[in-house]
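Chemist: Below is the file entry.cif, with mmCIF, C-alpha atoms.
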```
data_upload
loop_
_atom_site.group_PDB
_atom_site.id
_atom_site.type_symbol
_atom_site.label_atom_id
_atom_site.label_comp_id
_atom_site.auth_asym_id
_atom_site.auth_seq_id
_atom_site.Cartn_x
_atom_site.Cartn_y
_atom_site.Cartn_z
ATOM 1 C CA MET A 1 14.104 -96.169 22.562
ATOM 2 C CA LYS A 2 16.771 -96.342 25.225
ATOM 3 C CA LEU A 3 18.489 -99.621 26.008
ATOM 4 C CA SER A 4 17.797 -99.096 29.716
ATOM 5 C CA SER A 5 14.045 -99.257 29.119
ATOM 6 C CA LEU A 6 14.473 -102.718 27.596
ATOM 7 C CA LEU A 7 16.195 -103.938 30.748
ATOM 8 C CA TRP A 8 13.014 -103.538 32.779
ATOM 9 C CA PRO A 9 11.073 -106.300 30.990
ATOM 10 C CA LEU A 10 14.014 -108.432 29.859
ATOM 11 C CA VAL A 11 15.749 -109.019 33.196
ATOM 12 C CA PRO A 12 12.646 -110.373 35.011
ATOM 13 C CA ALA A 13 11.650 -112.360 31.906
ATOM 14 C CA CYS A 14 15.041 -114.067 31.694
ATOM 15 C CA ALA A 15 15.213 -114.688 35.446
ATOM 16 C CA ALA A 16 11.715 -116.162 35.500
ATOM 17 C CA ALA A 17 12.409 -118.290 32.428
ATOM 18 C CA VAL A 18 15.545 -119.711 34.045
ATOM 19 C CA TYR A 19 13.553 -120.419 37.208
ATOM 20 C CA GLY A 20 10.871 -122.152 35.132
ATOM 21 C CA TRP A 21 13.538 -124.226 33.426
ATOM 22 C CA LEU A 22 14.968 -125.219 36.828
ATOM 23 C CA VAL A 23 11.525 -126.285 38.017
ATOM 24 C CA SER A 24 10.808 -128.392 34.934
ATOM 25 C CA SER A 25 13.884 -128.975 32.791
ATOM 26 C CA THR A 26 12.241 -131.566 30.565
ATOM 27 C CA ASP A 27 9.181 -129.515 29.632
ATOM 28 C CA LEU A 28 9.746 -125.938 28.487
ATOM 29 C CA LYS A 29 6.137 -124.870 29.092
ATOM 30 C CA ALA A 30 6.993 -123.724 32.631
ATOM 31 C CA ALA A 31 9.935 -121.666 31.383
ATOM 32 C CA ILE A 32 7.833 -120.024 28.676
ATOM 33 C CA PHE A 33 4.941 -119.314 31.035
ATOM 34 C CA LEU A 34 7.114 -117.866 33.792
ATOM 35 C CA GLY A 35 9.143 -115.926 31.222
ATOM 36 C CA MET A 36 5.942 -114.287 29.987
ATOM 37 C CA VAL A 37 4.898 -113.516 33.574
ATOM 38 C CA GLY A 38 8.314 -111.911 34.161
ATOM 39 C CA LEU A 39 7.993 -109.930 30.934
ATOM 40 C CA ILE A 40 4.591 -108.602 31.966
ATOM 41 C CA ALA A 41 5.738 -107.852 35.522
ATOM 42 C CA GLY A 42 8.835 -106.020 34.283
ATOM 43 C CA SER A 43 6.796 -103.954 31.828
ATOM 44 C CA LEU A 44 4.269 -103.042 34.506
ATOM 45 C CA GLY A 45 7.105 -102.169 36.885
ATOM 46 C CA ARG A 46 8.664 -99.868 34.277
ATOM 47 C CA MET A 47 5.348 -98.098 33.740
ATOM 48 C CA LEU A 48 4.743 -97.793 37.489
ATOM 49 C CA VAL A 49 8.187 -96.405 38.270
ATOM 50 C CA SER A 50 8.194 -93.943 35.387
ATOM 51 C CA GLY A 51 4.665 -92.844 36.328
ATOM 52 C CA VAL A 52 5.650 -92.302 39.944
ATOM 53 C CA HIS A 53 8.776 -90.400 38.912
ATOM 54 C CA THR A 54 6.760 -88.192 36.585
ATOM 55 C CA GLY A 55 3.871 -87.704 39.018
ATOM 56 C CA LEU A 56 6.052 -86.897 42.017
ATOM 57 C CA ARG A 57 8.618 -85.022 39.913
ATOM 58 C CA VAL A 58 11.476 -87.143 41.228
ATOM 59 C CA ASP A 59 14.911 -86.084 40.046
ATOM 60 C CA VAL A 60 16.470 -89.422 39.136
ATOM 61 C CA LYS A 61 19.955 -87.900 39.214
ATOM 62 C CA LYS A 62 19.555 -87.280 42.953
ATOM 63 C CA THR A 63 18.604 -90.878 43.777
ATOM 64 C CA SER A 64 20.792 -92.185 46.563
ATOM 65 C CA VAL A 65 22.949 -94.803 44.896
ATOM 66 C CA ALA A 66 24.577 -95.424 48.262
ATOM 67 C CA GLY A 67 21.162 -96.225 49.730
ATOM 68 C CA VAL A 68 20.391 -98.679 46.939
ATOM 69 C CA LEU A 69 23.766 -100.400 47.293
ATOM 70 C CA GLY A 70 23.349 -100.468 51.067
ATOM 71 C CA ALA A 71 19.961 -102.117 50.656
ATOM 72 C CA LEU A 72 21.454 -104.784 48.393
ATOM 73 C CA LEU A 73 24.292 -105.447 50.833
ATOM 74 C CA GLY A 74 21.759 -105.514 53.665
ATOM 75 C CA ILE A 75 19.656 -108.074 51.805
ATOM 76 C CA VAL A 76 22.605 -110.425 51.425
ATOM 77 C CA ALA A 77 23.919 -109.946 54.958
ATOM 78 C CA GLY A 78 20.465 -109.982 56.560
ATOM 79 C CA GLY A 79 19.404 -113.120 54.720
ATOM 80 C CA TYR A 80 22.564 -114.934 55.788
ATOM 81 C CA LEU A 81 22.453 -113.748 59.389
ATOM 82 C CA GLY A 82 18.720 -114.463 59.627
ATOM 83 C CA VAL A 83 19.323 -118.107 58.762
ATOM 84 C CA ILE A 84 22.381 -118.775 60.912
ATOM 85 C CA SER A 85 21.221 -116.815 63.957
ATOM 86 C CA GLY A 86 17.957 -118.682 64.550
ATOM 87 C CA PHE A 87 15.890 -115.557 63.874
ATOM 88 C CA GLY A 88 13.303 -117.790 62.217
ATOM 89 C CA SER A 89 12.459 -119.421 65.560
ATOM 90 C CA TRP A 90 11.571 -116.030 67.020
ATOM 91 C CA MET A 91 9.535 -115.090 63.950
ATOM 92 C CA ILE A 92 7.570 -118.340 64.063
ATOM 93 C CA ALA A 93 6.937 -117.956 67.790
ATOM 94 C CA THR A 94 5.775 -114.368 67.252
ATOM 95 C CA PHE A 95 3.779 -114.501 64.047
ATOM 96 C CA ASN A 96 2.619 -118.108 63.651
ATOM 97 C CA PRO A 97 3.160 -120.265 66.743
ATOM 98 C CA GLY A 98 1.353 -123.279 65.269
ATOM 99 C CA LEU A 99 3.834 -123.642 62.412
ATOM 100 C CA PRO A 100 6.308 -126.543 62.693
ATOM 101 C CA GLU A 101 9.606 -124.881 63.500
ATOM 102 C CA MET A 102 11.876 -127.523 62.041
ATOM 103 C CA ASP A 103 10.323 -127.115 58.588
ATOM 104 C CA PHE A 104 10.098 -123.337 58.360
ATOM 105 C CA ARG A 105 12.758 -121.908 60.695
ATOM 106 C CA ASP A 106 15.373 -121.204 58.031
ATOM 107 C CA SER A 107 12.987 -119.729 55.478
ATOM 108 C CA PHE A 108 11.362 -117.457 58.063
ATOM 109 C CA GLY A 109 14.805 -116.393 59.289
ATOM 110 C CA PHE A 110 15.857 -115.601 55.734
ATOM 111 C CA ILE A 111 12.704 -113.591 54.992
ATOM 112 C CA GLY A 112 12.919 -111.610 58.223
ATOM 113 C CA GLY A 113 16.641 -111.023 57.793
ATOM 114 C CA VAL A 114 16.137 -109.747 54.250
ATOM 115 C CA PHE A 115 13.449 -107.285 55.311
ATOM 116 C CA ILE A 116 15.376 -105.945 58.279
ATOM 117 C CA GLY A 117 18.734 -106.036 56.486
ATOM 118 C CA SER A 118 17.511 -104.073 53.488
ATOM 119 C CA VAL A 119 16.149 -101.255 55.620
ATOM 120 C CA VAL A 120 19.142 -101.128 57.952
ATOM 121 C CA GLY A 121 21.589 -101.367 55.033
ATOM 122 C CA ALA A 122 19.926 -98.579 53.059
ATOM 123 C CA ILE A 123 19.715 -96.238 56.038
ATOM 124 C CA GLY A 124 23.214 -97.080 57.248
ATOM 125 C CA MET A 125 24.949 -96.662 53.905
ATOM 126 C CA ALA A 126 23.091 -93.460 53.015
ATOM 127 C CA ALA A 127 23.888 -92.048 56.457
ATOM 128 C CA LEU A 128 27.547 -93.042 56.144
ATOM 129 C CA VAL A 129 27.904 -91.356 52.759
ATOM 130 C CA SER A 130 26.082 -88.252 54.036
ATOM 131 C CA LEU A 131 28.361 -88.139 57.075
ATOM 132 C CA VAL A 132 31.478 -88.382 54.912
ATOM 133 C CA GLN A 133 30.213 -85.615 52.609
ATOM 134 C CA TRP A 134 29.311 -83.455 55.606
ATOM 135 C CA ASN A 135 32.769 -84.042 57.100
ATOM 136 C CA ARG A 136 34.461 -83.083 53.819
ATOM 137 C CA ALA A 137 32.355 -79.929 53.559
ATOM 138 C CA GLY A 138 33.338 -79.000 57.122
ATOM 139 C CA LYS A 139 37.036 -79.457 56.348
ATOM 140 C CA GLU A 140 36.729 -77.315 53.227
ATOM 141 C CA ALA A 141 34.977 -74.572 55.208
ATOM 142 C CA ARG A 142 37.691 -74.595 57.914
ATOM 143 C CA LYS A 143 40.512 -74.054 55.371
#
```
Render the structure in this file as C-alpha cells.

Modeler:
Amino acid sequence: MKLSSLLWPLVPACAAAVYGWLVSSTDLKAAIFLGMVGLIAGSLGRMLVSGVHTGLRVDVKKTSVAGVLGALLGIVAGGYLGVISGFGSWMIATFNPGLPEMDFRDSFGFIGGVFIGSVVGAIGMAALVSLVQWNRAGKEARK
C-alpha cells in the first residue's frame, strides 16, 4: 500500500478530530466522533477520486498543478477580500434579503469570496503557466 493512499483518510480524520477537540476540549467524545466522520469522508473521497480517474481514464501526471495551486491561492485571497470588501452585504441582498446583515455579512462575504476566488485563481494560474510555456515554445521555434 502506498503512503499517499493513507493520506486521504488520515488528513480529514486528524483535522476533524482537532476541530472536535476545539469545540469540546473537556470531553473527547466530540473529537472521536468527528475524527471518525473525517476518516469515513476521506476514505469515501479516495474511492470516489480513484473511481473517477479510472472511469474517465484521467492521466494523473497531466493534472494541472498550477491550476490547483492557483485555486488554493484564490481561496485565501478571495476569502480575505470577500470579508474586507463588504461582498457579504451584496450576497445577502441578492440571495437572502431577510437575513440580518450585521450577523452574517462577514461569513457570506467569506463564502462568496472563496467560491469566486478559487475559480478565478485556478483559471488565472493555469492560463499564466500555459502562456509562459507557449511563449517559450515560440522563442525556441524562432531560433

Chemist: Please evaluate the PyMOL selection byres ((chain A and resi 107) around 10) against the displayed coordinates and give the resulting residues as a list in words.

Modeler: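 When the PyMOL selection byres ((chain A and resi 107) around 10) is applied to the shown file, the picked residues are Gly79, Gly82, Val83, Phe87, Gly88, Asp103, Phe104, Arg105, Asp106, Phe108, Gly109, Phe110, Ile111, Gly112 and Gly113 of chain A.
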
Chemist: Can you measure atom CA of A:Ala16 to atom CA of A:Leu39 for me? One decimal in Å is fine.

Modeler: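 These atoms are spaced 8.6 Å apart.
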
Chemist: Give me, please, the distance in Å between atom CA of A:Leu3 and atom CA of A:Gly20, quoted to one decimal.

Modeler: 25.5 Å

Chemist: Given the choices A:Val37, A:Ile92, A:Met102, A:Val68, which gets closest to A:Ile123 if the distance is worked out from all atoms listed in the file?

Modeler: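 Counting all atoms listed in the file, the residue closest to A:Ile123 is A:Val68.
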
Chemist: Please return the centre and edge lengths, in Å to one decimal, of a box with edges along x, y and z that contains all listed atoms of stretch 14-21 of chain A, widened by 5 Å on every side, as AutoDock Vina command-line options.

Modeler:
```
--center_x 13.2 --center_y -119.1 --center_z 34.5 --size_x 14.7 --size_y 20.2 --size_z 15.5
```

Chemist: From the options A:Met91, A:Val76, A:Gly70, A:Glu140, which residue's atoms come nearest to A:Val120, counting all atoms listed in the file?

Modeler: A:Gly70

Chemist: Please rebuild stretch 68-79 of chain A with all heavy atoms and give the result as a compact mmCIF listing (two decimals), in the coordinates of the input.

Modeler:
```txt
# COMPACT_ATOMS: atom_id res chain seq x y z
N VAL A 68 20.75 -97.48 47.70
CA VAL A 68 20.39 -98.68 46.94
C VAL A 68 21.43 -99.77 47.14
O VAL A 68 21.09 -100.94 47.38
CB VAL A 68 20.23 -98.33 45.44
CG1 VAL A 68 20.04 -99.57 44.61
CG2 VAL A 68 19.06 -97.38 45.23
N LEU A 69 22.71 -99.41 47.07
CA LEU A 69 23.77 -100.40 47.29
C LEU A 69 23.75 -100.92 48.73
O LEU A 69 23.98 -102.11 48.97
CB LEU A 69 25.12 -99.80 46.96
CG LEU A 69 25.37 -99.51 45.48
CD1 LEU A 69 26.72 -98.83 45.28
CD2 LEU A 69 25.28 -100.77 44.66
N GLY A 70 23.46 -100.03 49.67
CA GLY A 70 23.35 -100.47 51.07
C GLY A 70 22.20 -101.44 51.27
O GLY A 70 22.31 -102.40 52.03
N ALA A 71 21.09 -101.20 50.56
CA ALA A 71 19.96 -102.12 50.66
C ALA A 71 20.32 -103.48 50.09
O ALA A 71 19.97 -104.52 50.67
CB ALA A 71 18.75 -101.54 49.93
N LEU A 72 21.05 -103.50 48.97
CA LEU A 72 21.45 -104.78 48.39
C LEU A 72 22.42 -105.53 49.31
O LEU A 72 22.29 -106.75 49.50
CB LEU A 72 22.08 -104.56 47.02
CG LEU A 72 21.13 -104.08 45.93
CD1 LEU A 72 21.90 -103.76 44.66
CD2 LEU A 72 20.06 -105.10 45.66
N LEU A 73 23.38 -104.80 49.88
CA LEU A 73 24.29 -105.45 50.83
C LEU A 73 23.54 -105.92 52.07
O LEU A 73 23.83 -106.99 52.62
CB LEU A 73 25.40 -104.47 51.23
CG LEU A 73 26.43 -104.17 50.16
CD1 LEU A 73 27.38 -103.06 50.64
CD2 LEU A 73 27.21 -105.40 49.80
N GLY A 74 22.56 -105.13 52.51
CA GLY A 74 21.76 -105.51 53.66
C GLY A 74 20.92 -106.74 53.40
O GLY A 74 20.70 -107.57 54.29
N ILE A 75 20.43 -106.89 52.17
CA ILE A 75 19.66 -108.07 51.80
C ILE A 75 20.51 -109.32 51.93
O ILE A 75 20.10 -110.32 52.51
CB ILE A 75 19.09 -107.92 50.38
CG1 ILE A 75 17.92 -106.95 50.37
CG2 ILE A 75 18.67 -109.26 49.80
CD1 ILE A 75 17.45 -106.57 49.00
N VAL A 76 21.72 -109.26 51.38
CA VAL A 76 22.60 -110.42 51.42
C VAL A 76 23.01 -110.74 52.86
O VAL A 76 22.89 -111.88 53.33
CB VAL A 76 23.85 -110.19 50.54
CG1 VAL A 76 24.86 -111.30 50.71
CG2 VAL A 76 23.43 -110.06 49.08
N ALA A 77 23.47 -109.72 53.58
CA ALA A 77 23.92 -109.95 54.96
C ALA A 77 22.76 -110.34 55.87
O ALA A 77 22.88 -111.24 56.69
CB ALA A 77 24.60 -108.69 55.49
N GLY A 78 21.62 -109.67 55.72
CA GLY A 78 20.46 -109.98 56.56
C GLY A 78 19.92 -111.37 56.30
O GLY A 78 19.53 -112.08 57.24
N GLY A 79 19.88 -111.77 55.04
CA GLY A 79 19.40 -113.12 54.72
C GLY A 79 20.31 -114.18 55.32
O GLY A 79 19.84 -115.17 55.90
```
